[in-house]
Each structure stands twice: as structure tokens, then as C-alpha cells.
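Heads up, run09.cif below (mmCIF, C-alpha atoms):
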```
data_entry
loop_
_atom_site.group_PDB
_atom_site.id
_atom_site.type_symbol
_atom_site.label_atom_id
_atom_site.label_comp_id
_atom_site.auth_asym_id
_atom_site.auth_seq_id
_atom_site.Cartn_x
_atom_site.Cartn_y
_atom_site.Cartn_z
ATOM 1 C CA MET H 1 -33.037 -28.255 1.305
ATOM 2 C CA ALA H 2 -30.994 -28.835 4.453
ATOM 3 C CA ALA H 3 -30.906 -25.944 6.905
ATOM 4 C CA VAL H 4 -27.524 -24.258 7.105
ATOM 5 C CA THR H 5 -26.414 -24.159 10.733
ATOM 6 C CA ALA H 6 -23.685 -22.158 12.443
ATOM 7 C CA ALA H 7 -21.870 -25.421 13.201
ATOM 8 C CA MET H 8 -21.800 -26.294 9.472
ATOM 9 C CA VAL H 9 -20.457 -22.863 8.609
ATOM 10 C CA LYS H 10 -17.789 -23.201 11.303
ATOM 11 C CA GLU H 11 -16.754 -26.630 9.995
ATOM 12 C CA LEU H 12 -16.497 -25.419 6.397
ATOM 13 C CA ARG H 13 -14.507 -22.370 7.447
ATOM 14 C CA GLU H 14 -12.069 -24.541 9.372
ATOM 15 C CA MET H 15 -11.714 -26.849 6.357
ATOM 16 C CA THR H 16 -11.138 -24.107 3.794
ATOM 17 C CA GLY H 17 -10.155 -20.952 5.657
ATOM 18 C CA ALA H 18 -12.787 -19.112 3.580
ATOM 19 C CA GLY H 19 -14.802 -16.179 4.905
ATOM 20 C CA MET H 20 -17.880 -16.748 7.037
ATOM 21 C CA MET H 21 -20.410 -15.382 4.553
ATOM 22 C CA ASP H 22 -18.738 -17.195 1.668
ATOM 23 C CA CYS H 23 -19.084 -20.460 3.593
ATOM 24 C CA LYS H 24 -22.750 -19.782 4.336
ATOM 25 C CA LYS H 25 -23.462 -18.995 0.667
ATOM 26 C CA ALA H 26 -21.571 -22.087 -0.491
ATOM 27 C CA LEU H 27 -23.574 -24.342 1.830
ATOM 28 C CA ALA H 28 -26.832 -22.738 0.749
ATOM 29 C CA ALA H 29 -25.935 -23.137 -2.926
ATOM 30 C CA THR H 30 -25.000 -26.808 -2.476
ATOM 31 C CA GLU H 31 -27.907 -27.703 -0.159
ATOM 32 C CA GLY H 32 -25.600 -28.371 2.769
ATOM 33 C CA ASP H 33 -23.324 -30.841 0.966
ATOM 34 C CA MET H 34 -19.917 -30.217 2.585
ATOM 35 C CA ASP H 35 -17.810 -31.702 -0.237
ATOM 36 C CA LYS H 36 -19.688 -29.772 -2.902
ATOM 37 C CA ALA H 37 -19.432 -26.628 -0.785
ATOM 38 C CA VAL H 38 -15.639 -26.994 -0.731
ATOM 39 C CA GLU H 39 -15.672 -27.351 -4.528
ATOM 40 C CA PHE H 40 -17.968 -24.336 -4.797
ATOM 41 C CA LEU H 41 -15.506 -22.195 -2.848
ATOM 42 C CA ARG H 42 -12.555 -23.389 -4.899
ATOM 43 C CA GLU H 43 -14.406 -22.696 -8.138
ATOM 44 C CA LYS H 44 -14.996 -19.088 -7.111
ATOM 45 C CA GLY H 45 -11.402 -18.443 -8.151
ATOM 46 C CA LEU H 46 -10.321 -14.851 -8.580
ATOM 47 C CA ALA H 47 -13.893 -13.557 -8.622
ATOM 48 C CA GLY H 48 -13.900 -13.512 -4.855
ATOM 49 C CA ALA H 49 -10.600 -11.676 -4.471
ATOM 50 C CA ALA H 50 -11.613 -8.296 -5.877
ATOM 51 C CA LYS H 51 -14.477 -7.902 -3.372
ATOM 52 C CA LYS H 52 -12.021 -8.097 -0.495
ATOM 53 C CA ALA H 53 -9.343 -5.758 -1.813
ATOM 54 C CA GLY H 54 -10.657 -2.719 0.057
ATOM 55 C CA ARG H 55 -10.694 -4.311 3.489
ATOM 56 C CA ILE H 56 -7.994 -3.451 6.009
ATOM 57 C CA ALA H 57 -5.487 -6.294 6.371
ATOM 58 C CA ALA H 58 -3.656 -5.461 9.600
ATOM 59 C CA GLU H 59 -3.352 -8.902 11.170
ATOM 60 C CA GLY H 60 -1.173 -11.704 9.824
ATOM 61 C CA ILE H 61 2.270 -13.012 10.659
ATOM 62 C CA VAL H 62 5.957 -12.289 10.305
ATOM 63 C CA TYR H 63 8.029 -15.252 9.141
ATOM 64 C CA THR H 64 11.748 -15.881 8.656
ATOM 65 C CA ASP H 65 13.628 -18.307 6.425
ATOM 66 C CA MET H 66 17.333 -18.884 5.839
ATOM 67 C CA THR H 67 19.821 -20.945 3.890
ATOM 68 C CA ALA H 68 21.242 -24.120 5.433
ATOM 69 C CA ASP H 69 24.592 -22.418 6.129
ATOM 70 C CA GLU H 70 22.784 -19.564 7.952
ATOM 71 C CA LYS H 71 24.640 -16.954 5.906
ATOM 72 C CA LYS H 72 21.568 -15.604 4.145
ATOM 73 C CA ALA H 73 18.145 -14.991 5.670
ATOM 74 C CA VAL H 74 14.897 -13.200 4.946
ATOM 75 C CA VAL H 75 12.052 -11.844 7.056
ATOM 76 C CA VAL H 76 8.622 -11.272 5.506
ATOM 77 C CA GLU H 77 5.311 -9.847 6.683
ATOM 78 C CA VAL H 78 2.078 -11.092 5.142
ATOM 79 C CA ASN H 79 -1.176 -9.562 6.350
ATOM 80 C CA ALA H 80 -4.753 -10.760 6.587
ATOM 81 C CA GLU H 81 -7.872 -9.157 8.050
ATOM 82 C CA THR H 82 -8.344 -11.253 11.165
ATOM 83 C CA ASP H 83 -6.289 -13.061 13.756
ATOM 84 C CA PHE H 84 -8.463 -16.114 13.072
ATOM 85 C CA VAL H 85 -7.023 -16.432 9.569
ATOM 86 C CA ALA H 86 -3.516 -15.575 10.788
ATOM 87 C CA LYS H 87 -3.630 -18.751 12.881
ATOM 88 C CA ASN H 88 -5.002 -20.857 10.018
ATOM 89 C CA GLU H 89 -2.552 -23.514 8.790
ATOM 90 C CA LYS H 90 -3.344 -22.821 5.129
ATOM 91 C CA PHE H 91 -2.407 -19.179 5.627
ATOM 92 C CA ARG H 92 0.751 -20.002 7.578
ATOM 93 C CA SER H 93 1.828 -22.520 4.954
ATOM 94 C CA TYR H 94 1.328 -19.898 2.246
ATOM 95 C CA VAL H 95 3.447 -17.368 4.183
ATOM 96 C CA ALA H 96 6.227 -19.970 4.485
ATOM 97 C CA ASP H 97 6.117 -20.348 0.684
ATOM 98 C CA VAL H 98 6.352 -16.563 0.274
ATOM 99 C CA ALA H 99 9.397 -16.459 2.549
ATOM 100 C CA ALA H 100 11.066 -19.329 0.682
ATOM 101 C CA GLN H 101 10.614 -17.477 -2.606
ATOM 102 C CA ALA H 102 11.784 -14.151 -1.154
ATOM 103 C CA LEU H 103 14.940 -15.836 0.140
ATOM 104 C CA LYS H 104 15.869 -16.878 -3.416
ATOM 105 C CA SER H 105 14.567 -13.759 -5.142
ATOM 106 C CA ASP H 106 16.759 -11.068 -6.673
ATOM 107 C CA ALA H 107 13.910 -8.535 -6.503
ATOM 108 C CA ALA H 108 14.946 -5.202 -5.031
ATOM 109 C CA ASP H 109 11.423 -4.053 -4.156
ATOM 110 C CA MET H 110 7.902 -5.345 -3.675
ATOM 111 C CA ASP H 111 6.701 -4.491 -7.185
ATOM 112 C CA ALA H 112 9.494 -6.557 -8.728
ATOM 113 C CA PHE H 113 8.813 -9.410 -6.313
ATOM 114 C CA LEU H 114 5.083 -9.471 -7.096
ATOM 115 C CA ALA H 115 5.856 -9.565 -10.828
ATOM 116 C CA GLU H 116 8.030 -12.695 -10.499
ATOM 117 C CA LYS H 117 6.818 -16.131 -11.504
ATOM 118 C CA TRP H 118 5.398 -17.980 -8.510
ATOM 119 C CA GLU H 119 7.852 -20.799 -7.863
ATOM 120 C CA LYS H 120 5.173 -23.286 -6.784
ATOM 121 C CA ASP H 121 3.158 -22.665 -9.954
ATOM 122 C CA PRO H 122 5.090 -20.854 -12.723
ATOM 123 C CA THR H 123 1.879 -20.306 -14.685
ATOM 124 C CA MET H 124 1.135 -17.513 -12.210
ATOM 125 C CA THR H 125 3.017 -14.487 -10.922
ATOM 126 C CA VAL H 126 3.486 -13.951 -7.190
ATOM 127 C CA LYS H 127 0.687 -11.364 -7.347
ATOM 128 C CA GLU H 128 -1.682 -13.749 -9.123
ATOM 129 C CA ALA H 129 -0.905 -16.485 -6.608
ATOM 130 C CA LEU H 130 -1.747 -14.014 -3.839
ATOM 131 C CA SER H 131 -5.106 -13.258 -5.485
ATOM 132 C CA SER H 132 -5.790 -16.980 -5.673
ATOM 133 C CA GLN H 133 -5.072 -17.334 -1.949
ATOM 134 C CA ILE H 134 -7.429 -14.443 -1.187
ATOM 135 C CA SER H 135 -10.207 -16.359 -2.943
ATOM 136 C CA ILE H 136 -9.430 -19.594 -1.120
ATOM 137 C CA ILE H 137 -8.919 -18.114 2.341
ATOM 138 C CA GLY H 138 -11.721 -15.575 2.035
ATOM 139 C CA GLU H 139 -10.085 -12.433 3.374
ATOM 140 C CA ASN H 140 -8.084 -9.591 1.906
ATOM 141 C CA MET H 141 -4.377 -10.376 2.160
ATOM 142 C CA ASN H 142 -1.232 -8.451 1.415
ATOM 143 C CA ILE H 143 2.456 -9.323 1.085
ATOM 144 C CA ARG H 144 3.512 -6.147 2.815
ATOM 145 C CA ARG H 145 7.316 -6.260 2.962
ATOM 146 C CA PHE H 146 10.441 -8.359 3.061
ATOM 147 C CA GLU H 147 14.092 -7.758 3.863
ATOM 148 C CA LYS H 148 17.131 -9.956 3.329
ATOM 149 C CA VAL H 149 20.322 -10.071 5.374
ATOM 150 C CA GLU H 150 23.542 -11.720 4.206
ATOM 151 C CA GLU H 151 26.762 -12.270 6.173
ATOM 152 C CA ALA H 152 29.670 -14.036 4.461
ATOM 153 C CA ASN H 153 32.005 -13.703 7.459
ATOM 154 C CA GLY H 154 29.771 -15.112 10.154
ATOM 155 C CA PHE H 155 26.045 -15.936 10.215
ATOM 156 C CA VAL H 156 22.540 -14.521 10.521
ATOM 157 C CA ALA H 157 20.455 -15.295 13.613
ATOM 158 C CA SER H 158 16.655 -15.235 13.609
ATOM 159 C CA TYR H 159 13.945 -15.116 16.241
ATOM 160 C CA ILE H 160 10.158 -15.274 15.982
ATOM 161 C CA HIS H 161 8.090 -14.041 18.924
ATOM 162 C CA ALA H 162 4.511 -14.976 19.829
ATOM 163 C CA GLY H 163 3.933 -17.239 16.858
ATOM 164 C CA GLY H 164 4.722 -14.581 14.302
ATOM 165 C CA LYS H 165 3.766 -11.257 15.894
ATOM 166 C CA ILE H 166 7.411 -10.115 15.762
ATOM 167 C CA GLY H 167 10.333 -11.357 13.691
ATOM 168 C CA VAL H 168 13.997 -10.370 14.037
ATOM 169 C CA LEU H 169 17.156 -11.031 12.032
ATOM 170 C CA VAL H 170 20.604 -10.226 13.452
ATOM 171 C CA ASP H 171 23.725 -9.932 11.290
ATOM 172 C CA VAL H 172 26.677 -11.398 13.249
ATOM 173 C CA GLU H 173 30.207 -11.024 11.897
ATOM 174 C CA THR H 174 32.484 -13.440 13.721
ATOM 175 C CA ASP H 175 35.604 -15.536 13.176
ATOM 176 C CA VAL H 176 34.317 -18.240 15.516
ATOM 177 C CA ILE H 177 30.943 -19.981 15.208
ATOM 178 C CA ASN H 178 29.850 -22.325 17.972
ATOM 179 C CA ASP H 179 26.797 -23.004 20.133
ATOM 180 C CA ALA H 180 27.706 -20.342 22.707
ATOM 181 C CA ILE H 181 27.983 -17.634 20.064
ATOM 182 C CA LYS H 182 24.768 -18.763 18.382
ATOM 183 C CA GLU H 183 23.014 -18.595 21.752
ATOM 184 C CA MET H 184 24.359 -15.071 22.232
ATOM 185 C CA ALA H 185 23.016 -14.057 18.812
ATOM 186 C CA ARG H 186 19.587 -15.475 19.628
ATOM 187 C CA ASN H 187 19.580 -13.573 22.937
ATOM 188 C CA VAL H 188 20.404 -10.348 21.085
ATOM 189 C CA ALA H 189 17.556 -11.059 18.644
ATOM 190 C CA MET H 190 15.191 -11.621 21.578
ATOM 191 C CA GLN H 191 16.354 -8.317 23.067
ATOM 192 C CA ALA H 192 15.531 -6.522 19.818
ATOM 193 C CA ALA H 193 12.103 -8.162 19.736
ATOM 194 C CA ALA H 194 11.293 -7.189 23.318
ATOM 195 C CA LEU H 195 12.752 -3.676 23.628
ATOM 196 C CA LYS H 196 12.133 -2.386 20.091
ATOM 197 C CA PRO H 197 15.384 -0.466 19.433
ATOM 198 C CA LEU H 198 15.531 1.884 16.442
ATOM 199 C CA TYR H 199 19.259 1.602 15.736
ATOM 200 C CA THR H 200 22.035 -0.964 16.185
ATOM 201 C CA SER H 201 24.493 1.522 17.713
ATOM 202 C CA GLU H 202 25.019 5.242 18.239
ATOM 203 C CA ALA H 203 27.045 5.362 15.016
ATOM 204 C CA GLU H 204 23.848 4.678 13.038
ATOM 205 C CA VAL H 205 21.880 7.551 14.535
ATOM 206 C CA ASP H 206 21.216 10.284 12.002
ATOM 207 C CA ALA H 207 22.864 13.639 12.823
ATOM 208 C CA ASP H 208 19.657 15.469 11.895
ATOM 209 C CA TYR H 209 17.773 13.371 14.450
ATOM 210 C CA ILE H 210 20.258 14.391 17.180
ATOM 211 C CA GLU H 211 20.001 18.068 16.245
ATOM 212 C CA LYS H 212 16.206 17.955 16.291
ATOM 213 C CA GLU H 213 16.244 16.266 19.694
ATOM 214 C CA LYS H 214 18.630 18.936 20.981
ATOM 215 C CA GLU H 215 16.217 21.659 19.877
ATOM 216 C CA ILE H 216 13.252 19.987 21.568
ATOM 217 C CA LEU H 217 15.100 19.125 24.767
ATOM 218 C CA THR H 218 16.698 22.578 24.987
ATOM 219 C CA ALA H 219 13.286 24.226 24.835
ATOM 220 C CA ALA H 220 11.986 21.808 27.474
ATOM 221 C CA ALA H 221 14.996 22.427 29.762
ATOM 222 C CA LYS H 222 14.600 26.193 29.484
ATOM 223 C CA ASN H 223 10.938 25.877 30.435
ATOM 224 C CA GLU H 224 11.902 23.792 33.466
ATOM 225 C CA LYS H 225 14.746 26.073 34.560
ATOM 226 C CA PRO H 226 14.176 29.544 33.029
ATOM 227 C CA ASP H 227 16.920 31.075 35.160
ATOM 228 C CA ALA H 228 19.600 28.466 34.379
ATOM 229 C CA ASN H 229 22.667 29.499 32.388
ATOM 230 C CA GLU H 230 23.652 27.975 29.040
ATOM 231 C CA LYS H 231 26.158 25.554 30.578
ATOM 232 C CA ILE H 232 23.542 24.029 32.868
ATOM 233 C CA ILE H 233 20.989 23.829 30.055
ATOM 234 C CA ASN H 234 23.531 22.115 27.766
ATOM 235 C CA GLY H 235 24.394 19.658 30.524
ATOM 236 C CA MET H 236 20.723 18.793 31.008
ATOM 237 C CA VAL H 237 20.194 18.353 27.266
ATOM 238 C CA MET H 238 23.244 16.151 26.667
ATOM 239 C CA GLY H 239 22.375 14.003 29.678
ATOM 240 C CA ARG H 240 18.880 13.409 28.348
ATOM 241 C CA ILE H 241 20.135 12.642 24.840
ATOM 242 C CA LYS H 242 22.614 10.129 26.241
ATOM 243 C CA LYS H 243 19.816 8.471 28.206
ATOM 244 C CA GLU H 244 17.585 8.389 25.123
ATOM 245 C CA LEU H 245 20.316 6.830 22.981
ATOM 246 C CA LYS H 246 20.703 4.051 25.541
ATOM 247 C CA GLU H 247 17.036 3.267 25.032
ATOM 248 C CA ILE H 248 16.901 3.368 21.229
ATOM 249 C CA CYS H 249 20.302 1.827 20.322
ATOM 250 C CA LEU H 250 20.375 -1.973 20.638
ATOM 251 C CA LEU H 251 24.001 -2.315 21.777
ATOM 252 C CA ASP H 252 23.607 0.487 24.333
ATOM 253 C CA GLN H 253 20.436 -0.900 25.905
ATOM 254 C CA VAL H 254 20.646 -2.635 29.268
ATOM 255 C CA TYR H 255 20.759 -6.362 28.492
ATOM 256 C CA VAL H 256 17.471 -7.799 29.769
ATOM 257 C CA LYS H 257 19.148 -10.952 31.123
ATOM 258 C CA ALA H 258 21.953 -9.073 32.857
ATOM 259 C CA GLU H 259 22.389 -10.385 36.390
ATOM 260 C CA ASP H 260 23.437 -6.996 37.723
ATOM 261 C CA GLY H 261 20.726 -5.132 35.806
ATOM 262 C CA LYS H 262 23.383 -2.809 34.393
ATOM 263 C CA GLN H 263 25.338 -4.681 31.708
ATOM 264 C CA SER H 264 24.701 -3.321 28.216
ATOM 265 C CA VAL H 265 24.012 -5.540 25.217
ATOM 266 C CA GLY H 266 27.357 -4.443 23.766
ATOM 267 C CA ALA H 267 29.159 -5.469 26.940
ATOM 268 C CA TYR H 268 27.332 -8.824 26.909
ATOM 269 C CA VAL H 269 28.452 -9.482 23.312
ATOM 270 C CA ALA H 270 32.023 -8.509 24.248
ATOM 271 C CA SER H 271 31.986 -10.907 27.222
ATOM 272 C CA VAL H 272 30.877 -13.804 25.002
ATOM 273 C CA ALA H 273 33.538 -12.899 22.431
ATOM 274 C CA LYS H 274 36.236 -12.917 25.136
ATOM 275 C CA ALA H 275 35.046 -16.243 26.584
ATOM 276 C CA ASN H 276 35.219 -17.863 23.150
ATOM 277 C CA ASN H 277 38.398 -16.119 21.948
ATOM 278 C CA ALA H 278 36.415 -14.607 19.092
ATOM 279 C CA ASN H 279 36.085 -11.291 17.296
ATOM 280 C CA ILE H 280 32.358 -10.520 17.146
ATOM 281 C CA THR H 281 30.520 -7.554 15.646
ATOM 282 C CA ILE H 282 26.742 -7.116 15.620
ATOM 283 C CA LYS H 283 26.547 -5.320 12.286
ATOM 284 C CA LYS H 284 22.800 -4.776 12.019
ATOM 285 C CA PHE H 285 19.366 -6.083 12.896
ATOM 286 C CA VAL H 286 15.974 -6.099 11.184
ATOM 287 C CA ARG H 287 12.796 -6.107 13.260
ATOM 288 C CA PHE H 288 9.304 -6.575 11.773
ATOM 289 C CA GLU H 289 6.188 -6.335 13.923
ATOM 290 C CA THR H 290 2.902 -7.464 12.410
ATOM 291 C CA GLY H 291 0.639 -4.574 11.483
ATOM 292 C CA GLU H 292 2.915 -1.808 12.762
ATOM 293 C CA GLY H 293 1.917 1.464 11.131
ATOM 294 C CA ILE H 294 -1.355 0.073 9.734
ATOM 295 C CA GLU H 295 -4.519 1.721 10.990
ATOM 296 C CA LYS H 296 -6.760 -1.001 12.354
ATOM 297 C CA LYS H 297 -10.540 -0.895 12.272
ATOM 298 C CA GLU H 298 -11.989 -1.447 15.732
ATOM 299 C CA GLU H 299 -14.816 -3.980 15.678
ATOM 300 C CA ASN H 300 -16.864 -5.978 18.142
ATOM 301 C CA PHE H 301 -16.185 -9.492 16.851
ATOM 302 C CA ALA H 302 -19.236 -11.065 18.501
ATOM 303 C CA GLU H 303 -21.545 -8.431 17.043
ATOM 304 C CA GLU H 304 -19.911 -8.820 13.616
ATOM 305 C CA VAL H 305 -20.440 -12.600 13.672
ATOM 306 C CA ALA H 306 -24.076 -12.209 14.686
ATOM 307 C CA LYS H 307 -24.659 -9.581 12.016
ATOM 308 C CA GLN H 308 -23.041 -11.626 9.236
ATOM 309 C CA MET H 309 -24.685 -14.914 10.166
ATOM 310 C CA GLY H 310 -28.172 -13.502 10.717
ATOM 311 C CA MET H 311 -28.597 -16.167 13.363
#
```

The structure in this file should be written as C-alpha cells.
Amino acid sequence: MAAVTAAMVKELREMTGAGMMDCKKALAATEGDMDKAVEFLREKGLAGAAKKAGRIAAEGIVYTDMTADEKKAVVVEVNAETDFVAKNEKFRSYVADVAAQALKSDAADMDAFLAEKWEKDPTMTVKEALSSQISIIGENMNIRRFEKVEEANGFVASYIHAGGKIGVLVDVETDVINDAIKEMARNVAMQAAALKPLYTSEAEVDADYIEKEKEILTAAAKNEKPDANEKIINGMVMGRIKKELKEICLLDQVYVKAEDGKQSVGAYVASVAKANNANITIKKFVRFETGEGIEKKEENFAEEVAKQMGM
């Protein structure tokens, strides 16, 4: 029997995207025959997927897709356990297929989407196709979320940052569509990716959120200036809320490419609209960041490799 080396395991993993231990077992079972090892991994089928279901899948990528007329777009997040798999072409190709299906889907939520027939193989549901990919790639995976944006009176702009770490869609209502306006929309999407706003404009901010902030900031102001009268305290609070809104509302943020360092995103959009004799409204944006809100398990990768390989 041929000795299974780390180099062989690495080669098989790169060929199949399967997990490290699965590759080692496949090579051992097939006496080091690479072709047979690939077949062995493929034949594992769904049996390998269940073992991985409990692992934390906090890596992965965000991906966008849109119709040719740019009036309908979708952003999806698909997770895997490691950044290694997230960069694997098999995984990225699968995520592109998920996005393509989500773009056409009428599903209102993830459960309905997972229950749909998988377009690339109608003998399976989306969920079953996911389980199949888990077996092939060798890590737990999860189609975490998707959101669609449609704009009949304009277009949707998209931006992907850092190879899929962040994805943004921007809904642009406009009566003029040209390269300058598309560039503006992309710049706004890049702004949303970089500065992580929570709202499009002040009008979106929930009244309860404002009231809660007033309570917190009022208490803080009174602690800072216990002798100040109500008028001064109110002035301090409203000033701080206004400053906070400029940070969390996309159109109120300082535009990162502003030459004077002061121009807001809203003012930038207005300047482009004026220059192109257009009426432009940024109606909404959607921003997905890979793994946000998922608790990640901290691991020493080198130690984990050594432990798994026993080499």
C-alpha cells in the first residue's frame, strides 16, 4: 500500500474541495490512487453531509446577480466553515448558481426557497442540492439569506468588495440612465460597503430608535453637566443625535471621495443629477457582509492541520 503523504492530501483537496480528513481516508481506502480517491469521495454522497451539519459555517461569500436590463437584482450569502473553501472555485461556482436561482425565484423566505426544485437538476430540491455540495466540498455549508431589489423606473447597481466579503445593491430611480449616473450609483454602493450605514436616509429611522437614543444621551449629558438646565441638556442631546444620524444614514454621510471632505452623499447624488439634467432618487440599499452576526470559533489553523493529519 502506498504511503499517504501530506502533498497527496493537498492535491486531492485542491481537486475536489473535500475536507482534509475525508481526502486522507479516501487515499488510504484506494491505496493512493488519485482517480479512485476522487470517485470514492463522490460516492460518499449525502452520507458525508450529516456529519458536518453541526459545525459553524461563518466564512463564505456574498454574491450578486442581476437581469440584463439591470432592473432586477439579488444578493445572496452562502457560508462555509473555512476561508480556504470560500476561495475554492467549486464553491464559488455553486454560489453563482444559487444567486441565479434566487434571482428567478418567487420564494418569499428561505424555507420556501430551499423547498424549490434545483434548476440545475430538477430531481433535487435546493436543500438537497446543498446537501450534495456539502458532501463534495467536505465542509458544512449554509445558504443563509438572500434579498431581491427591483426598480422599474431606473436601475439597480451592485458592488462586491474583497472578492465577496461584502455585497451591496442600490436601488436608483432615475429618468436618465447613462455612464455618469451608473458610475455615481457604483460610488454610492462602494460608500455603503465601506462605511456600513444602517439606513438610507433620516426618513427611514425608526421613531422608537430616536426616542431610545434621546433617553440614553440625556442621561449621559446630565452626568457630564449635572448643573446644566434643561435647554442646555436638550441642545447637547439633539446635537449628538444629529451627528449620529450623519454617521448611520447613507445619504447624510460625508461622501468618502468628496474633494472638500464635507460634501454629503446626498449632495453628491444631487450634483450628478444636475450635471446630467436628471431626477435621481436613491430609494434604498441592501448590504450583506459575510458572517456578520455569526459567532465564529477561534482556532489555530496550523495546530488544527497537524492534529487532523497526524503528521

Considering all atoms listed in the file, can you say which of H:Met21, H:Ala3, H:Ala96, H:Ile160 comes closest to Asp33 of chain H?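 Under the stated criterion, the closest residue is H:Ala3.
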
Can you list, as an mmCIF file with C-alpha atoms, keeping the file's coordinate frame, every protein, DNA or RNA residue that comes within 8 Å of segment 69-75 of chain H when you count only C-alpha atoms, leaving out same-chain residues fewer than 5 positions away?
```cif
data_model
loop_
_atom_site.group_PDB
_atom_site.id
_atom_site.type_symbol
_atom_site.label_atom_id
_atom_site.label_comp_id
_atom_site.auth_asym_id
_atom_site.auth_seq_id
_atom_site.Cartn_x
_atom_site.Cartn_y
_atom_site.Cartn_z
ATOM 1 C CA VAL H 62 5.957 -12.289 10.305
ATOM 2 C CA TYR H 63 8.029 -15.252 9.141
ATOM 3 C CA THR H 64 11.748 -15.881 8.656
ATOM 4 C CA ALA H 99 9.397 -16.459 2.549
ATOM 5 C CA ALA H 102 11.784 -14.151 -1.154
ATOM 6 C CA LEU H 103 14.940 -15.836 0.140
ATOM 7 C CA PHE H 146 10.441 -8.359 3.061
ATOM 8 C CA GLU H 147 14.092 -7.758 3.863
ATOM 9 C CA LYS H 148 17.131 -9.956 3.329
ATOM 10 C CA VAL H 149 20.322 -10.071 5.374
ATOM 11 C CA GLU H 150 23.542 -11.720 4.206
ATOM 12 C CA GLU H 151 26.762 -12.270 6.173
ATOM 13 C CA ALA H 152 29.670 -14.036 4.461
ATOM 14 C CA GLY H 154 29.771 -15.112 10.154
ATOM 15 C CA PHE H 155 26.045 -15.936 10.215
ATOM 16 C CA VAL H 156 22.540 -14.521 10.521
ATOM 17 C CA ALA H 157 20.455 -15.295 13.613
ATOM 18 C CA GLY H 167 10.333 -11.357 13.691
ATOM 19 C CA VAL H 168 13.997 -10.370 14.037
ATOM 20 C CA LEU H 169 17.156 -11.031 12.032
ATOM 21 C CA PHE H 288 9.304 -6.575 11.773
#
```

Test item: the PyMOL selection byres ((chain H and resi 289) around 6) resolved as a CSV table (one decimal) with C-alpha atoms, in the frame of the given file:
```csv
chain,number,residue,atom,x,y,z
H,165,LYS,CA,3.8,-11.3,15.9
H,166,ILE,CA,7.4,-10.1,15.8
H,288,PHE,CA,9.3,-6.6,11.8
H,290,THR,CA,2.9,-7.5,12.4
H,292,GLU,CA,2.9,-1.8,12.8
```

What is the atom CA of Leu251 of chain H to atom CA of Ser201 of chain H distance in Å?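 Here the two named atoms are 5.6 Å from each other.
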
Please evaluate the PyMOL selection byres ((chain H and resi 13) around 12) against the structure above and give the resulting residues as a ChimeraX atom specification. /H:6-12,14-27,34,37-38,41,84-85,88,90,136-139
